[in-house]
Structures are given as structure tokens and as C-alpha cells.
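Trainee: Please find start-v1.cif (mmCIF, C-alpha atoms) on the next line:
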data_model
loop_
_atom_site.label_atom_id
_atom_site.label_comp_id
_atom_site.auth_asym_id
_atom_site.auth_seq_id
_atom_site.Cartn_x
_atom_site.Cartn_y
_atom_site.Cartn_z
CA MET H 1 10.47 15.80 21.58
CA SER H 2 12.47 14.16 18.79
CA LEU H 3 10.80 12.31 15.94
CA PHE H 4 13.69 9.83 16.04
CA GLU H 5 14.21 6.88 18.35
CA LYS H 6 17.40 5.08 19.32
CA PRO H 7 18.03 1.91 17.29
CA THR H 8 17.19 -1.21 19.29
CA LYS H 9 16.42 -4.82 18.44
CA LYS H 10 12.74 -5.14 17.57
CA SER H 11 10.46 -7.91 16.40
CA ALA H 12 8.07 -7.84 13.46
CA GLY H 13 6.31 -10.26 11.19
CA LEU H 14 7.66 -11.29 7.79
CA LYS H 15 6.16 -9.71 4.68
CA ILE H 16 6.30 -12.32 1.92
CA LEU H 17 5.30 -12.12 -1.73
CA ALA H 18 5.18 -15.45 -3.59
CA TYR H 19 4.21 -15.45 -7.27
CA GLY H 20 4.09 -17.98 -10.06
CA PHE H 21 2.01 -19.56 -12.80
CA GLU H 22 -0.79 -22.09 -12.33
CA GLY H 23 0.12 -25.29 -10.52
CA THR H 24 3.40 -24.10 -9.01
CA GLY H 25 2.43 -24.62 -5.35
CA LYS H 26 1.55 -21.03 -4.43
CA THR H 27 -1.40 -21.90 -2.18
CA LEU H 28 0.44 -24.77 -0.49
CA PHE H 29 3.37 -22.47 0.23
CA ALA H 30 1.03 -19.92 1.82
CA LEU H 31 -0.68 -22.59 3.93
CA SER H 32 2.68 -23.60 5.42
CA ALA H 33 2.67 -20.40 7.52
CA PRO H 34 1.54 -20.58 11.19
CA ASP H 35 -1.97 -19.75 12.50
CA ILE H 36 -3.49 -18.32 9.33
CA VAL H 37 -6.41 -16.04 8.67
CA LEU H 38 -6.98 -16.58 4.94
CA ILE H 39 -8.53 -14.22 2.42
CA ASP H 40 -9.35 -16.56 -0.47
CA THR H 41 -10.11 -14.81 -3.78
CA GLU H 42 -9.99 -17.91 -6.01
CA ALA H 43 -11.74 -20.59 -3.92
CA GLY H 44 -8.47 -22.49 -4.09
CA SER H 45 -8.47 -23.31 -0.39
CA ALA H 46 -11.53 -25.54 -0.76
CA PHE H 47 -9.30 -28.47 -1.72
CA TYR H 48 -7.11 -28.13 1.40
CA LEU H 49 -9.32 -27.04 4.29
CA GLY H 50 -10.26 -29.90 6.58
CA ARG H 51 -7.15 -31.78 5.48
CA LYS H 52 -3.59 -31.78 6.78
CA GLU H 53 -2.51 -29.08 4.29
CA GLY H 54 -5.05 -26.65 5.74
CA GLU H 55 -4.64 -27.40 9.44
CA ASN H 56 -2.98 -24.02 10.15
CA VAL H 57 -6.02 -22.04 8.95
CA LYS H 58 -7.97 -20.37 11.78
CA GLY H 59 -10.43 -18.41 9.66
CA VAL H 60 -11.41 -17.87 6.02
CA LEU H 61 -13.01 -15.01 4.07
CA ARG H 62 -13.87 -15.61 0.42
CA THR H 63 -14.07 -12.35 -1.51
CA GLN H 64 -12.66 -10.49 -4.48
CA GLY H 65 -14.19 -7.16 -3.47
CA TYR H 66 -11.66 -4.45 -2.70
CA LYS H 67 -13.99 -2.83 -0.15
CA LYS H 68 -14.63 -6.07 1.74
CA TYR H 69 -10.89 -6.77 1.54
CA GLU H 70 -10.17 -3.42 3.16
CA ASP H 71 -12.79 -4.15 5.86
CA ALA H 72 -11.05 -7.48 6.52
CA LEU H 73 -7.67 -5.77 6.86
CA SER H 74 -9.21 -3.36 9.36
CA GLU H 75 -10.66 -6.25 11.37
CA VAL H 76 -7.27 -7.98 11.48
CA ALA H 77 -5.61 -4.73 12.59
CA ARG H 78 -8.15 -4.40 15.40
CA ASP H 79 -8.56 -8.04 16.49
CA TRP H 80 -5.50 -10.01 15.39
CA ASP H 81 -4.87 -11.25 18.94
CA LYS H 82 -8.53 -12.26 19.45
CA LEU H 83 -8.43 -14.14 16.16
CA GLY H 84 -5.54 -16.23 17.50
CA MET H 85 -3.57 -15.61 14.34
CA GLN H 86 0.07 -15.22 13.43
CA THR H 87 -0.28 -14.84 9.66
CA LEU H 88 -2.54 -13.06 7.19
CA VAL H 89 -2.65 -14.75 3.78
CA THR H 90 -4.19 -13.20 0.65
CA ASP H 91 -4.54 -15.71 -2.19
CA SER H 92 -4.37 -13.85 -4.49
CA VAL H 93 -3.74 -10.11 -4.52
CA THR H 94 -3.98 -10.31 -8.33
CA LYS H 95 -7.71 -11.00 -8.13
CA ILE H 96 -8.27 -8.08 -5.74
CA ARG H 97 -6.58 -5.70 -8.16
CA GLN H 98 -8.38 -7.13 -11.20
CA ASN H 99 -11.74 -6.71 -9.48
CA LEU H 100 -10.80 -3.15 -8.52
CA SER H 101 -9.91 -2.33 -12.15
CA ASP H 102 -13.13 -3.92 -13.45
CA THR H 103 -15.21 -2.02 -10.89
CA ILE H 104 -13.71 1.33 -11.84
CA ILE H 105 -14.02 0.80 -15.61
CA ASN H 106 -17.67 -0.25 -15.14
CA VAL H 107 -18.29 3.00 -13.28
CA ASP H 108 -16.57 4.87 -16.15
CA VAL H 109 -18.78 3.09 -18.72
CA LYS H 110 -21.93 4.12 -16.83
CA ARG H 111 -20.67 7.70 -16.58
CA ASN H 112 -19.88 7.79 -20.30
CA LYS H 113 -23.32 6.42 -21.13
CA ARG H 114 -24.94 9.19 -19.10
CA ASN H 115 -22.81 11.69 -21.02
CA GLY H 116 -24.02 10.31 -24.35
CA MET H 117 -20.91 8.42 -25.52
CA ALA H 118 -21.69 6.09 -28.42
CA ASP H 119 -20.82 2.42 -27.76
CA ALA H 120 -19.59 3.29 -24.27
CA GLU H 121 -18.78 -0.36 -23.50
CA LEU H 122 -16.33 -0.50 -26.44
CA ASN H 123 -14.92 2.99 -26.28
CA SER H 124 -14.41 3.44 -22.55
CA ASN H 125 -10.83 3.11 -21.32
CA LEU H 126 -9.41 3.70 -17.89
CA SER H 127 -8.69 7.41 -17.61
CA MET H 128 -5.65 8.88 -15.89
CA ARG H 129 -7.97 9.76 -13.03
CA SER H 130 -9.16 6.14 -12.82
CA TRP H 131 -5.61 4.76 -12.90
CA GLY H 132 -4.75 7.21 -10.16
CA LYS H 133 -7.67 5.92 -8.07
CA ILE H 134 -6.57 2.31 -8.56
CA GLY H 135 -3.04 3.25 -7.47
CA GLU H 136 -4.37 5.16 -4.46
CA ILE H 137 -6.48 2.23 -3.23
CA SER H 138 -3.71 -0.32 -3.88
CA LYS H 139 -1.22 1.81 -1.97
CA ARG H 140 -3.67 2.15 0.92
CA HIS H 141 -4.02 -1.64 1.11
CA GLN H 142 -0.25 -2.06 1.06
CA ASN H 143 0.27 0.50 3.84
CA ILE H 144 -2.34 -1.20 6.03
CA LYS H 145 -0.56 -4.53 5.56
CA ILE H 146 2.83 -2.99 6.36
CA ASP H 147 1.34 -1.69 9.62
CA LEU H 148 -0.20 -5.13 10.26
CA SER H 149 3.24 -6.70 9.97
CA ASN H 150 4.12 -5.06 13.30
CA ASN H 151 2.17 -7.93 14.85
CA VAL H 152 1.57 -10.66 12.24
CA ASN H 153 3.20 -12.20 9.18
CA ILE H 154 1.91 -11.13 5.78
CA VAL H 155 1.89 -13.69 2.97
CA ASP H 156 0.59 -12.36 -0.35
CA ILE H 157 0.18 -14.67 -3.33
CA ALA H 158 0.19 -13.23 -6.85
CA GLN H 159 -0.25 -14.70 -10.30
CA ALA H 160 2.74 -14.35 -12.63
CA LYS H 161 2.64 -12.49 -15.94
CA GLU H 162 5.01 -12.55 -18.88
CA ILE H 163 6.63 -9.33 -20.07
CA LYS H 164 7.28 -9.39 -23.83
CA ASP H 165 9.32 -7.20 -26.17
CA ASP H 166 8.14 -5.79 -29.50
CA ASN H 167 8.81 -9.17 -31.12
CA GLN H 168 6.60 -10.93 -28.56
CA GLN H 169 9.61 -12.60 -26.97
CA VAL H 170 9.36 -13.12 -23.21
CA ILE H 171 11.97 -10.90 -21.54
CA ASP H 172 10.79 -11.08 -17.92
CA ILE H 173 8.27 -12.64 -15.54
CA ARG H 174 6.73 -10.44 -12.87
CA PRO H 175 3.97 -10.61 -10.24
CA ASP H 176 0.63 -9.41 -11.62
CA MET H 177 -0.11 -6.61 -9.13
CA ASP H 178 0.52 -2.92 -8.62
CA LYS H 179 4.00 -2.41 -10.07
CA SER H 180 5.42 -0.63 -7.00
CA ALA H 181 4.01 -3.12 -4.46
CA PRO H 182 6.85 -5.73 -4.61
CA TYR H 183 9.19 -3.21 -2.98
CA ASP H 184 7.12 -3.47 0.23
CA TYR H 185 8.06 -7.09 1.00
CA ASP H 186 10.92 -8.58 2.97
CA LEU H 187 10.90 -11.76 0.92
CA LYS H 188 10.00 -12.17 -2.75
CA LEU H 189 9.85 -15.66 -4.26
CA TYR H 190 9.18 -16.85 -7.80
CA LEU H 191 7.63 -20.34 -7.59
CA PHE H 192 8.03 -22.80 -10.45
CA THR H 193 8.04 -26.53 -11.18
CA LYS H 194 10.42 -28.81 -13.03
CA LYS H 195 10.22 -32.47 -13.97
CA ASP H 196 12.93 -34.79 -12.69
CA SER H 197 14.65 -37.28 -14.97
CA ASP H 198 12.11 -39.91 -13.94
CA GLY H 199 9.18 -37.58 -14.74
CA THR H 200 8.46 -36.62 -11.13
CA MET H 201 7.23 -33.04 -10.78
CA LYS H 202 9.24 -31.05 -8.25
CA PHE H 203 8.46 -27.68 -6.72
CA TYR H 204 11.01 -24.88 -6.45
CA ALA H 205 11.36 -21.22 -5.48
CA ARG H 206 13.81 -18.70 -6.87
CA VAL H 207 14.75 -16.05 -4.33
CA ASP H 208 14.29 -12.61 -5.91
CA LYS H 209 14.78 -10.76 -2.62
CA ASP H 210 15.48 -11.70 1.00
CA ARG H 211 15.99 -8.99 3.62
CA THR H 212 16.44 -11.68 6.29
CA LYS H 213 19.73 -12.75 4.60
CA LYS H 214 18.70 -16.39 4.98
CA TYR H 215 19.24 -16.87 1.25
CA LYS H 216 20.96 -14.92 -1.49
CA THR H 217 19.23 -13.41 -4.48
CA GLY H 218 19.08 -16.04 -7.20
CA ASP H 219 19.21 -19.05 -4.84
CA ILE H 220 16.97 -21.96 -5.86
CA ILE H 221 15.11 -23.76 -3.05
CA GLU H 222 13.40 -27.11 -3.43
CA ASN H 223 10.05 -27.55 -1.64
CA PRO H 224 9.89 -24.00 -0.21
CA SER H 225 7.90 -23.46 2.98
CA PHE H 226 7.46 -20.71 5.57
CA GLU H 227 9.34 -22.80 8.11
CA LEU H 228 12.63 -22.16 6.26
CA TRP H 229 12.47 -18.53 7.44
CA SER H 230 10.88 -19.03 10.87
CA SER H 231 14.29 -18.93 12.57
CA THR H 232 14.88 -15.39 11.26
CA LEU H 233 11.96 -13.99 13.26
CA SER H 234 12.96 -12.14 16.42
CA ASP H 235 11.45 -13.23 19.75
CA SER H 236 11.86 -9.75 21.22
CA ASP H 237 8.82 -8.28 23.01
CA ASN H 238 9.90 -4.88 21.71
CA ARG H 239 7.86 -4.67 18.50
CA VAL H 240 8.21 -2.36 15.52
CA GLU H 241 5.55 0.33 15.46
CA THR H 242 4.52 1.96 12.18
CA SER H 243 1.54 4.05 11.15
CA TYR H 244 1.95 4.44 7.39
CA SER H 245 -1.81 4.32 6.74
CA ASP H 246 -2.28 7.18 9.26
CA ASP H 247 0.60 9.08 7.66
CA GLN H 248 -1.24 9.03 4.34
CA LYS H 249 -4.42 10.40 5.92
CA GLN H 250 -2.44 13.16 7.68
CA ASP H 251 -0.69 14.06 4.43
CA GLU H 252 -4.03 14.28 2.63
CA GLU H 253 -5.37 16.61 5.33
CA ALA H 254 -2.22 18.75 5.22
CA TYR H 255 -2.30 18.93 1.43
CA THR H 256 -6.01 19.84 1.44
CA GLU H 257 -5.19 22.67 3.85
CA GLU H 258 -2.37 23.85 1.56
CA ILE H 259 -4.66 23.82 -1.47
CA GLU H 260 -7.32 25.77 0.37
CA LYS H 261 -4.69 28.27 1.48
CA ASP H 262 -3.34 28.59 -2.08
CA ASN H 263 -6.86 29.24 -3.36
CA GLN H 264 -7.45 32.05 -0.87
CA THR H 265 -6.96 35.60 -2.09
CA ILE H 266 -4.28 37.61 -0.34
CA GLN H 267 -7.04 39.71 1.20
CA GLU H 268 -8.73 36.61 2.65
CA ARG H 269 -5.44 35.31 4.01
CA LEU H 270 -4.62 38.65 5.62
CA ALA H 271 -8.11 38.90 7.15
CA GLU H 272 -7.84 35.36 8.58
CA PHE H 273 -4.32 36.08 9.85
CA SER H 274 -5.28 39.39 11.48
CA GLY H 275 -8.33 37.84 13.08
CA ASN H 276 -6.07 35.54 15.12
CA LEU H 277 -3.86 38.36 16.44
CA SER H 278 -4.19 40.19 19.73
CA ALA H 279 -4.76 43.95 19.64
CA GLU H 280 -1.10 44.51 20.52
CA ASP H 281 0.15 42.17 17.78
CA LYS H 282 -2.20 43.75 15.24
CA LYS H 283 -0.58 47.11 15.98
CA LYS H 284 2.91 45.62 15.61
CA PHE H 285 2.00 43.95 12.32
CA THR H 286 0.43 47.15 10.92
CA GLU H 287 3.68 48.98 11.73
CA LEU H 288 5.61 46.19 10.03
CA LEU H 289 3.53 46.57 6.87
CA SER H 290 4.15 50.30 6.91
CA GLU H 291 7.91 49.77 7.30
CA ASN H 292 7.83 47.54 4.22
CA LYS H 293 5.70 50.04 2.30
CA ILE H 294 2.77 47.65 1.92
CA THR H 295 -0.20 49.98 2.16
CA ASN H 296 -2.55 49.09 -0.73
CA LEU H 297 -3.40 45.40 -1.16
CA ASN H 298 -5.06 46.02 -4.52
CA LYS H 299 -1.96 47.59 -6.07
CA MET H 300 0.85 45.39 -4.75
CA THR H 301 3.77 44.44 -6.91
CA LYS H 302 4.74 40.78 -7.23
CA ALA H 303 7.63 41.42 -4.83
CA GLN H 304 5.31 43.06 -2.27
CA HIS H 305 2.86 40.12 -2.56
CA LYS H 306 5.68 37.66 -1.82
CA LYS H 307 6.95 39.89 1.00
CA LEU H 308 3.50 40.05 2.64
CA ILE H 309 3.17 36.24 2.66
CA GLY H 310 6.64 36.00 4.22
CA LEU H 311 5.76 38.55 6.88
CA MET H 312 2.63 36.61 7.86
CA ASP H 313 4.44 33.26 7.89
CA ASN H 314 7.29 34.60 10.03
CA PHE H 315 5.42 36.95 12.36
CA ASN H 316 4.37 34.36 14.92
CA LYS H 317 7.82 32.74 14.85
CA ALA H 318 9.54 35.96 15.91
#
Using the file provided, produce a representation of the structure as C-alpha cells.
Mentor:
Amino acid sequence: MSLFEKPTKKSAGLKILAYGFEGTGKTLFALSAPDIVLIDTEAGSAFYLGRKEGENVKGVLRTQGYKKYEDALSEVARDWDKLGMQTLVTDSVTKIRQNLSDTIINVDVKRNKRNGMADAELNSNLSMRSWGKIGEISKRHQNIKIDLSNNVNIVDIAQAKEIKDDNQQVIDIRPDMDKSAPYDYDLKLYLFTKKDSDGTMKFYARVDKDRTKKYKTGDIIENPSFELWSSTLSDSDNRVETSYSDDQKQDEEAYTEEIEKDNQTIQERLAEFSGNLSAEDKKKFTELLSENKITNLNKMTKAQHKKLIGLMDNFNKA
């Protein structure tokens, strides 16, 4: 059975990342999406719920905890239809990541204290292992949301951060989140404000990316809302199916098996291999070893060691 499928028209939700500085309309943009389940990390929705701006919200969870966030993603994956939702909003993903970083460095501080580090609070920095753990958890969250987009829209809000050169001059503005995460979205918008000639504040979005082809990169949109892209969504009942979060688990299991196999001695591998052979195949394999002059496992050359592994790997394929 082939791993590949024939290309056909399929429907899926939009994955949107909107980022900007304070007061640029990020939350209002997110609330313009249809039938929202909202994960509110900044209590910003309190000013809109119960009013016209928040009428699309079907449910709210207020948390900054990465574990509770992951539990919420799992609930949406399981019950999105029961929740009567079309869109999952996280406002903001920046706070989730910040809390994750703080949690891990606090654990490192406690560990360093137990190990006798002087002034552990001042001297503890995130280790390579800790950064790796942050990246692993962030990637897991992103993969779950990509899978969720098979059925619902994803709208992630992020705070903006300035990137400066050695002279402290601003050279770029980026979303404050895991640096690889923006690649996961179909639509990436930088939200900003500008005063009109009469002093009126107006809200804009710069299109950084748009897979829907509704707008070009660099286009400036006044008063951006989800509705501008609603016409790009397919009404096909044939939905995209992904399982990226499961792929990661399977890869971890496969890699663990490889590591365990690599850590086995050649004697252990041969014993395990032989134990799975029938009496007839054992006889054939013993003859094969003799033909290749592999008779003493304790005195094998490097070439014989490599040959033995190849013989075991290929024996059952013959």
C-alpha cells in the first residue's frame, strides 16, 4: 500500500499568526474569527466578552501554563465539534513560551542549589539541555495545532520584539515566539497603527506571508479582519488529514530502538537475532557465517564486524 495519495481538492482551516506591539489591535483581530474557543494568557479578553466585539467567543480558558495549554489543545482535538467551534485563538503564544522558559530556569535553579552552586539564582542560565527541552515542547504544541487545523482555524497572537544590531539600531521586528514557528502558518500579519492627518488612529496589517494568495507579501491592509480571508476557505467535505504529533512520537520510539540497538554488543545482537530464527534458518545462517569466515566473535576484524551486521540485516530479506 502506497504512502502517497492522489492530489485532490481538500478543505482545511486557516493557520494565522498576527503579531505587533501594544495597542495595535491584535486581540480585536483575533476576535473577528468565527465561533472561537479562546485561550487567554493576558486577561485581555475581559474588556470584550459580553460585548459586540466578543460575540463570537464560545468558550474561554485563562492560563499561561504550558501543561494546561497542552491539555486544552488535546481537548480541542478530541471535542472540537462538541464545542461548536470553528476557530482556536491563543492570545498570546508569547506568554506561553515565556512561562515555559521561566518554569525550566526555576527548575534549573533548584537543581543547582541542591548541587551546591553559590548564588544559584544569579548564576543559573538556561543550559543547552534546557533550551532543547523548550524547543521540544514548543514544537510539540505547533504540531498539535497543525493537526487541529484539519478541522478548525488556528489564530495565534504574538507580541512583537525589536531586533537590534551591535549599535543598538533596530534592523527588524519579529514575533516573540519560537524562531522556527512562523514557518508553520498560512498567513502571517504584522499589525501596526498610524495616525491620520486629523489625528485619528488607524489600524493596519502588513502581509508578511499569505499562502491563500489573497494578498501579496508587503501589501498593507486597513482594518484587517478574519473575514477578508473567509472566501479562501474551501467548502469541500474532503478534509486534509495530518498526524504530525503522532509522527514525532513514532520517530522518538524508532530512535530509542536504534539507540538501544547501537548500545548492544555484537554478541547480544547475534543472540537476539538467532533467538528469532527457526532451526532451519539457524543452520543456514551458521553456514553463511562459515562461508564468510566469521567464526570467533571475540577476535573479529572491523571488516568482519561490519559484515556480520550486514548479514543479519539482510538475512530475513533474502
Trainee: Fewer than 2 positions away in the same chain doesn't count, so skip those; otherwise give me all residues within 7 Å of range 204-210 of chain H, counting only C-alpha atoms, as a PyMOL selection string.
Mentor: chain H and resi 186-193+202+212-224
Trainee: Give me the residues near Asn296 in chain H as a PDB file with C-alpha atoms, keeping the file's coordinate frame, where near means some atom within 12 Å (using all atoms listed in the file) and where sequence neighbours in that chain fewer than 3 positions away do not count.
Mentor:
ATOM      1  CA  ILE H 266      -4.280  37.610  -0.340  1.00  0.00           C
ATOM      2  CA  GLN H 267      -7.040  39.710   1.200  1.00  0.00           C
ATOM      3  CA  LEU H 289       3.530  46.570   6.870  1.00  0.00           C
ATOM      4  CA  SER H 290       4.150  50.300   6.910  1.00  0.00           C
ATOM      5  CA  ASN H 292       7.830  47.540   4.220  1.00  0.00           C
ATOM      6  CA  LYS H 293       5.700  50.040   2.300  1.00  0.00           C
ATOM      7  CA  LYS H 299      -1.960  47.590  -6.070  1.00  0.00           C
ATOM      8  CA  MET H 300       0.850  45.390  -4.750  1.00  0.00           C
ATOM      9  CA  THR H 301       3.770  44.440  -6.910  1.00  0.00           C
ATOM     10  CA  GLN H 304       5.310  43.060  -2.270  1.00  0.00           C
ATOM     11  CA  HIS H 305       2.860  40.120  -2.560  1.00  0.00           C
ATOM     12  CA  LEU H 308       3.500  40.050   2.640  1.00  0.00           C
TER      13      LEU H 308
END
Trainee: Applied to this file, what does the PyMOL selection byres ((chain H and resi 172) around 7) return in terms of residues, put as a ChimeraX atom specification?
Mentor: /H:162-163,170-171,173-174
Trainee: Would you mind reading off the distance between CA of Glu53 in chain H and CA of Ser32 in chain H, one decimal, in Å?
Mentor: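 According to the coordinates, CA of Glu53 in chain H and CA of Ser32 in chain H are separated by 7.6 Å.
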Trainee: One number please: CA of Asn143 in chain H to CA of Asp178 in chain H, in Å, one decimal.
Mentor: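 Atom-to-atom, CA of Asn143 in chain H and CA of Asp178 in chain H are spaced 12.9 Å apart.
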Trainee: Using all atoms listed in the file, which residues sit within 12 Å of Glu291 in chain H once same-chain residues fewer than 4 positions away are excluded, as a PyMOL selection string?
Mentor: chain H and resi 284-287+295+304+307-308+311
Trainee: Do you have the CA of Tyr48 in chain H-CA of Leu31 in chain H distance handy?
Mentor: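 Between these atoms lies a distance of 8.9 Å.
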Trainee: Compare H:Phe273, H:Phe315, H:Phe203, H:Phe47 by their minimum atom-to-atom distance to Thr24 in chain H, counting only C-alpha atoms, and give me the closest one.
Mentor: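 Nearest to Thr24 in chain H: H:Phe203.
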Trainee: So, with only C-alpha atoms as the atoms that count, which of H:Ile36, H:Gly116, H:Lys82, H:Leu270 lies closest to Leu49 in chain H?
Mentor: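 So, comparing all the options, the nearest one is H:Ile36.
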Trainee: Point out the residue among H:Leu88, H:Met312, H:Ala72, H:Ala303 with the least atom-to-atom distance to Val57 in chain H, counting only C-alpha atoms.
Mentor: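 The closest residue to Val57 in chain H is H:Leu88.
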Trainee: For Leu28 in chain H, which of H:Gln142, H:Ile157, H:Gly132, H:Ser149 is the closest residue, counting all atoms listed in the file?
Mentor: H:Ile157
Trainee: Which residue out of H:Leu61, H:Val152, H:Leu297, H:Ala46 has the minimum interatomic distance to Leu233 in chain H when only C-alpha atoms are used?
Mentor: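 Among the listed residues, the smallest separation from Leu233 in chain H belongs to H:Val152.
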Trainee: I'd like to see the residues matched by the PyMOL selection byres ((chain H and resi 136) around 12) on this file, and ideally I'd get them as a list in words.
Mentor: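 On the file shown, the PyMOL selection byres ((chain H and resi 136) around 12) covers Arg97, Leu100, Arg129, Ser130, Trp131, Gly132, Lys133, Ile134, Gly135, Ile137, Ser138, Lys139, Arg140, His141, Gln142, Asn143, Asp178, Ser180, Ala181, Ser245, Gln248, Lys249 and Glu252 of chain H.
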Trainee: H:Lys161, H:Arg114, H:Lys67, H:Lys195: which is nearest Phe21 in chain H, counting all atoms listed in the file?
Mentor: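 Ranking H:Lys161, H:Arg114, H:Lys67, H:Lys195 by distance to Phe21 in chain H, first place goes to H:Lys161.
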Trainee: Using all atoms listed in the file, find all polymer residues with an atom at most 9 Å away from the point (-7.9, -16.0, 4.0); report them as a list in words.
Mentor: Ile36, Val37, Leu38, Ile39, Asp40, Thr41, Ser45, Val57, Lys58, Gly59, Val60, Leu61, Arg62, Leu88, Val89, Thr90 and Asp91 of chain H
